[in-house]
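Text of structure.pdb, listed as PDB, C-alpha atoms and all ligand atoms:
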ATOM      1  CA  MET D  67      87.293 118.435  78.822
ATOM      2  CA  LEU D  68      86.902 115.142  77.048
ATOM      3  CA  SER D  69      87.005 115.141  73.277
ATOM      4  CA  GLN D  70      83.944 113.990  71.346
ATOM      5  CA  LYS D  71      85.988 111.010  70.162
ATOM      6  CA  THR D  72      86.721 109.940  73.736
ATOM      7  CA  ILE D  73      83.076 110.369  74.711
ATOM      8  CA  ASP D  74      81.965 108.288  71.716
ATOM      9  CA  ILE D  75      84.431 105.487  72.459
ATOM     10  CA  VAL D  76      83.467 105.345  76.119
ATOM     11  CA  LYS D  77      79.738 105.360  75.445
ATOM     12  CA  SER D  78      79.980 102.748  72.719
ATOM     13  CA  THR D  79      81.952 100.371  74.943
ATOM     14  CA  VAL D  80      79.753 100.655  78.047
ATOM     15  CA  PRO D  81      77.311  97.905  76.899
ATOM     16  CA  VAL D  82      79.993  95.269  76.326
ATOM     17  CA  LEU D  83      81.748  96.195  79.572
ATOM     18  CA  LYS D  84      78.483  95.942  81.481
ATOM     19  CA  GLU D  85      77.852  92.552  79.900
ATOM     20  CA  LYS D  86      81.212  91.450  81.250
ATOM     21  CA  GLY D  87      80.607  93.382  84.455
ATOM     22  CA  VAL D  88      80.808  90.394  86.775
ATOM     23  CA  GLU D  89      84.130  89.289  85.300
ATOM     24  CA  ILE D  90      85.562  92.802  85.340
ATOM     25  CA  THR D  91      84.511  93.552  88.884
ATOM     26  CA  THR D  92      85.760  90.168  90.107
ATOM     27  CA  VAL D  93      89.217  90.711  88.585
ATOM     28  CA  PHE D  94      89.259  94.315  89.839
ATOM     29  CA  TYR D  95      88.302  93.362  93.376
ATOM     30  CA  LYS D  96      90.663  90.403  93.612
ATOM     31  CA  ASN D  97      93.753  92.165  92.237
ATOM     32  CA  MET D  98      93.272  95.474  94.015
ATOM     33  CA  LEU D  99      92.582  94.015  97.438
ATOM     34  CA  GLU D 100      95.217  91.284  97.204
ATOM     35  CA  GLU D 101      97.906  93.782  96.324
ATOM     36  CA  ASN D 102      96.757  96.611  98.623
ATOM     37  CA  PRO D 103      96.088  95.248 102.110
ATOM     38  CA  GLU D 104      95.462  98.738 103.507
ATOM     39  CA  ILE D 105      92.559  99.170 101.080
ATOM     40  CA  LYS D 106      91.298  95.698 101.880
ATOM     41  CA  ASP D 107      91.050  96.753 105.523
ATOM     42  CA  MET D 108      88.849  99.681 104.507
ATOM     43  CA  PHE D 109      86.391  97.322 102.861
ATOM     44  CA  ASP D 110      86.543  94.806 105.692
ATOM     45  CA  ALA D 111      85.540  97.528 108.078
ATOM     46  CA  GLY D 112      82.256  97.837 106.241
ATOM     47  CA  LYS D 113      79.194  95.764 106.667
ATOM     48  CA  GLN D 114      79.722  93.712 103.520
ATOM     49  CA  LYS D 115      82.515  91.200 103.671
ATOM     50  CA  ASP D 116      81.756  89.386 100.442
ATOM     51  CA  GLY D 117      83.117  91.963  98.055
ATOM     52  CA  SER D 118      79.784  93.316  96.958
ATOM     53  CA  GLN D 119      80.758  96.875  97.887
ATOM     54  CA  ALA D 120      83.909  96.776  95.763
ATOM     55  CA  ARG D 121      81.841  95.348  92.935
ATOM     56  CA  ALA D 122      79.229  98.085  93.365
ATOM     57  CA  LEU D 123      82.065 100.569  93.051
ATOM     58  CA  ALA D 124      83.229  99.190  89.692
ATOM     59  CA  MET D 125      79.708  98.902  88.307
ATOM     60  CA  THR D 126      79.014 102.479  89.346
ATOM     61  CA  VAL D 127      82.001 103.685  87.335
ATOM     62  CA  LEU D 128      80.569 101.893  84.294
ATOM     63  CA  ALA D 129      77.141 103.395  84.918
ATOM     64  CA  ALA D 130      78.645 106.851  85.407
ATOM     65  CA  ALA D 131      80.437 106.520  82.081
ATOM     66  CA  GLU D 132      77.073 106.247  80.344
ATOM     67  CA  ASN D 133      76.475 109.821  81.432
ATOM     68  CA  ILE D 134      79.995 111.025  80.833
ATOM     69  CA  ASP D 135      78.696 113.986  78.830
ATOM     70  CA  ASN D 136      76.123 114.905  81.474
ATOM     71  CA  LEU D 137      77.613 114.151  84.865
ATOM     72  CA  ALA D 138      75.179 116.532  86.605
ATOM     73  CA  ILE D 139      72.610 113.710  86.488
ATOM     74  CA  LEU D 140      74.833 111.721  88.804
ATOM     75  CA  MET D 141      75.228 114.321  91.526
ATOM     76  CA  PRO D 142      72.571 112.948  93.921
ATOM     77  CA  ALA D 143      74.177 109.491  93.747
ATOM     78  CA  VAL D 144      77.654 110.983  94.098
ATOM     79  CA  GLN D 145      76.590 112.909  97.223
ATOM     80  CA  SER D 146      75.286 109.739  98.814
ATOM     81  CA  ILE D 147      78.295 107.553  97.902
ATOM     82  CA  ALA D 148      80.624 110.347  99.036
ATOM     83  CA  LYS D 149      79.094 110.168 102.533
ATOM     84  CA  THR D 150      79.973 106.468 102.633
ATOM     85  CA  HIS D 151      83.479 107.279 101.409
ATOM     86  CA  ILE D 152      83.959 109.911 104.120
ATOM     87  CA  ASN D 153      82.951 107.375 106.762
ATOM     88  CA  VAL D 154      85.617 104.929 105.577
ATOM     89  CA  LYS D 155      88.139 107.767 105.060
ATOM     90  CA  VAL D 156      88.652 107.557 101.310
ATOM     91  CA  THR D 157      91.170 110.206 100.211
ATOM     92  CA  LYS D 158      92.050 111.645  96.837
ATOM     93  CA  GLU D 159      95.215 109.558  96.800
ATOM     94  CA  HIS D 160      93.118 106.395  96.622
ATOM     95  CA  TYR D 161      91.487 107.318  93.312
ATOM     96  CA  PRO D 162      94.447 106.644  91.005
ATOM     97  CA  VAL D 163      94.878 103.234  92.657
ATOM     98  CA  VAL D 164      91.262 102.289  91.987
ATOM     99  CA  GLY D 165      91.601 103.636  88.449
ATOM    100  CA  ARG D 166      94.713 101.567  87.784
ATOM    101  CA  TYR D 167      93.059  98.334  88.864
ATOM    102  CA  LEU D 168      89.831  99.094  87.068
ATOM    103  CA  LEU D 169      91.648  99.730  83.800
ATOM    104  CA  GLY D 170      93.760  96.649  84.394
ATOM    105  CA  ALA D 171      90.598  94.586  84.833
ATOM    106  CA  ILE D 172      89.037  96.054  81.684
ATOM    107  CA  LYS D 173      92.183  95.161  79.733
ATOM    108  CA  GLU D 174      92.402  91.673  81.181
ATOM    109  CA  VAL D 175      88.782  90.826  80.470
ATOM    110  CA  LEU D 176      88.545  92.419  77.012
ATOM    111  CA  GLY D 177      91.874  90.937  75.899
ATOM    112  CA  GLU D 178      92.715  91.857  72.320
ATOM    113  CA  ALA D 179      89.517  93.860  71.984
ATOM    114  CA  ALA D 180      91.023  96.417  74.396
ATOM    115  CA  THR D 181      92.712  98.659  71.836
ATOM    116  CA  ASP D 182      94.879 101.572  72.927
ATOM    117  CA  ASP D 183      92.098 103.958  71.897
ATOM    118  CA  ILE D 184      89.626 102.190  74.178
ATOM    119  CA  VAL D 185      91.986 101.956  77.136
ATOM    120  CA  ASN D 186      93.050 105.598  76.810
ATOM    121  CA  ALA D 187      89.464 106.797  76.496
ATOM    122  CA  TRP D 188      88.509 104.919  79.659
ATOM    123  CA  ALA D 189      91.527 106.265  81.531
ATOM    124  CA  GLU D 190      90.443 109.797  80.665
ATOM    125  CA  ALA D 191      86.801 109.146  81.539
ATOM    126  CA  TYR D 192      87.722 107.586  84.882
ATOM    127  CA  GLY D 193      89.824 110.671  85.625
ATOM    128  CA  VAL D 194      86.838 112.936  85.028
ATOM    129  CA  ILE D 195      84.508 110.786  87.168
ATOM    130  CA  ALA D 196      87.116 110.526  89.939
ATOM    131  CA  ASP D 197      87.540 114.315  89.944
ATOM    132  CA  VAL D 198      83.808 114.760  90.535
ATOM    133  CA  PHE D 199      83.994 112.473  93.593
ATOM    134  CA  ILE D 200      87.215 114.042  94.850
ATOM    135  CA  GLY D 201      85.686 117.530  94.605
ATOM    136  CA  VAL D 202      82.526 116.579  96.501
ATOM    137  CA  GLU D 203      84.479 114.676  99.145
ATOM    138  CA  GLU D 204      86.993 117.474  99.710
ATOM    139  CA  LYS D 205      84.104 119.834 100.417
ATOM    140  CA  MET D 206      82.617 117.335 102.869
ATOM    141  CA  TYR D 207      85.935 116.926 104.692
ATOM    142  CA  GLN D 208      86.240 120.731 104.932
ATOM    143  CA  GLU D 209      82.715 121.000 106.347
ATOM    144  CA  GLU D 210      83.672 118.402 108.974
ATOM    145  CA  CYS D 211      86.597 120.552 110.121
ATOM    146  CA  LYS D 212      84.517 123.688 110.582
TER     147      LYS D 212
HETATM  148  C1  LIG V 301      84.982 107.003  90.897
HETATM  149  C2  LIG V 301      85.331 106.078  91.757
HETATM  150  C3  LIG V 301      84.406 105.424  92.754
HETATM  151  C4  LIG V 301      83.085 105.092  92.642
HETATM  152  C5  LIG V 301      82.158 105.295  91.459
HETATM  153  C6  LIG V 301      82.705 104.457  93.898
HETATM  154  C7  LIG V 301      81.461 103.940  94.196
HETATM  155  C8  LIG V 301      81.115 103.282  95.343
HETATM  156  C9  LIG V 301      79.820 102.687  95.620
HETATM  157  C10 LIG V 301      78.640 102.686  94.673
HETATM  158  C11 LIG V 301      79.877 102.127  96.849
HETATM  159  C12 LIG V 301      78.739 101.383  97.560
HETATM  160  C13 LIG V 301      78.303 102.075  98.802
HETATM  161  C14 LIG V 301      77.260 103.164  98.636
HETATM  162  O1  LIG V 301      76.437 103.102  97.723
HETATM  163  O2  LIG V 301      77.222 104.076  99.480
HETATM  164  C15 LIG V 301      81.212 102.365  97.354
HETATM  165  C16 LIG V 301      81.644 101.940  98.572
HETATM  166  C17 LIG V 301      82.937 101.971  98.976
HETATM  167  N1  LIG V 301      83.971 102.616  98.349
HETATM  168 FE1  LIG V 301      83.841 103.657  96.612
HETATM  169  N2  LIG V 301      83.790 104.429  94.738
HETATM  170  C18 LIG V 301      84.843 105.009  94.067
HETATM  171  C19 LIG V 301      86.102 105.182  94.563
HETATM  172  C20 LIG V 301      86.577 104.662  95.733
HETATM  173  C21 LIG V 301      87.943 104.754  96.177
HETATM  174  C22 LIG V 301      89.047 105.498  95.453
HETATM  175  C23 LIG V 301      88.020 104.084  97.359
HETATM  176  C24 LIG V 301      89.250 103.897  98.209
HETATM  177  C25 LIG V 301      89.923 102.833  98.237
HETATM  178  C26 LIG V 301      86.694 103.565  97.649
HETATM  179  C27 LIG V 301      86.359 102.837  98.769
HETATM  180  C28 LIG V 301      85.102 102.409  99.083
HETATM  181  C29 LIG V 301      84.798 101.617 100.254
HETATM  182  C30 LIG V 301      85.797 101.179 101.321
HETATM  183  C31 LIG V 301      83.433 101.330 100.192
HETATM  184  C32 LIG V 301      82.630 100.464 101.147
HETATM  185  C33 LIG V 301      82.113 101.178 102.309
HETATM  186  C34 LIG V 301      81.372 100.198 103.231
HETATM  187  O3  LIG V 301      82.000  99.233 103.640
HETATM  188  O4  LIG V 301      80.205 100.433 103.477
HETATM  189  N3  LIG V 301      85.842 103.947  96.645
HETATM  190  N4  LIG V 301      81.925 103.080  96.436
END
Represent the structure from my file as C-alpha cells, please.
Amino acid sequence: MLSQKTIDIVKSTVPVLKEKGVEITTVFYKNMLEENPEIKDMFDAGKQKDGSQARALAMTVLAAAENIDNLAILMPAVQSIAKTHINVKVTKEHYPVVGRYLLGAIKEVLGEAATDDIVNAWAEAYGVIADVFIGVEEKMYQEECK
C-alpha cells in the first residue's frame, strides 16, 4: 500500500513530468536500449522501429500514475497492453530494468528538482503499477500453458 504522502507527491508531479514527456521518454528509450541489446531486439521485432512503442510505454506509466489511487480504471488498458507484452515475451524480470531506466530518465530531466522524496515516491508507484502488469501477464502465460 502506498502512503497518502507518496500518492500526493506522485499525483502532484505528473503534470510537470508529462510536460517534459518527450524529453523523459527520449532519454529513457535511448539509455535503456543502448545498454540492453536484448531488450532492443524485443522492440525491433515489433512493427514500430522508430521508438514510438518504447515512448508509449513511458507515457503510459505517467498516465497510470495519475490513477495511482484507483488502478481499477486502468484494467481494460492493462489487459490490452499485456496481450502485446505476451506476444513479445515480456517477463517479470524485465520490469525492474524498465523501472530503473524510467527513474533514471526522470532524474536526468528534472535535475535538481528531482528531490529524494520525489524519486522515492515514483519508485514506489512504478513498483505498484508494474505489479499490476506482472499479475495480469502471469495469468495470461498460465492460460497459454493449459
Ligand atoms: C509498467 C510498465 C509498462 C507499461 C505501462 C508498458 C506499456 C506499453 C505500451 C502502452 C505499449 C504499446 C503497445 C500497446 O499499446 O499494446 C507497450 C509495448 C511494448 N512493451 Fe511495454 N510496458 C511496460 C513494461 C514493459 C516491460 C518491462 C517490457 C520489457 C522490456 C516492455 C516491452 C514492450 C515491448 C517490446 C513493446 C512493443 C511491442 C511491439 O513491438 O508491438 N514493456 N508497452
Could you state which residues are captured by the PyMOL selection byres (((chain D and resi 67) around 9) and not hetatm) in this file, as a PyMOL selection string? chain D and resi 68-69+194
Name the residues, by chain letter and number, that sit within 8 Å of ligand LIG 301 (chain V) using only C-alpha atoms and all ligand atoms, and give them as an NGL selection string. :D and (105-106 or 108-114 or 119-120 or 122-127 or 130 or 143-144 or 146-151 or 153-165 or 192 or 195-199)
Just the residues within 12 Å of Gln208 (chain D), please, counting all atoms listed in the file, with nothing from its chain fewer than 6 positions along; format it as a PyMOL selection string. chain D and resi 152+201-202
Gap from CA of Leu83 (chain D) to CA of Ile172 (chain D) - Å, one decimal: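 Calculated distance between CA of Leu83 (chain D) and CA of Ile172 (chain D) is 7.6 Å.
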Quick one: axis-aligned box around all listed atoms of region 116-131 of chain D, 6 Å on every side, centre and edge lengths in Å to one decimal, written as lines of an AutoDock Vina configuration file.
center_x = 80.5
center_y = 98.1
center_z = 91.3
size_x = 18.8
size_y = 29.5
size_z = 30.4
For a quick check of understanding, using only C-alpha atoms, which of D:Cys211, D:Ala179, D:Ala191, D:Leu168 has the smallest distance to Ile90 (chain D)?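 Among the listed residues, D:Leu168 lies closest to Ile90 (chain D).
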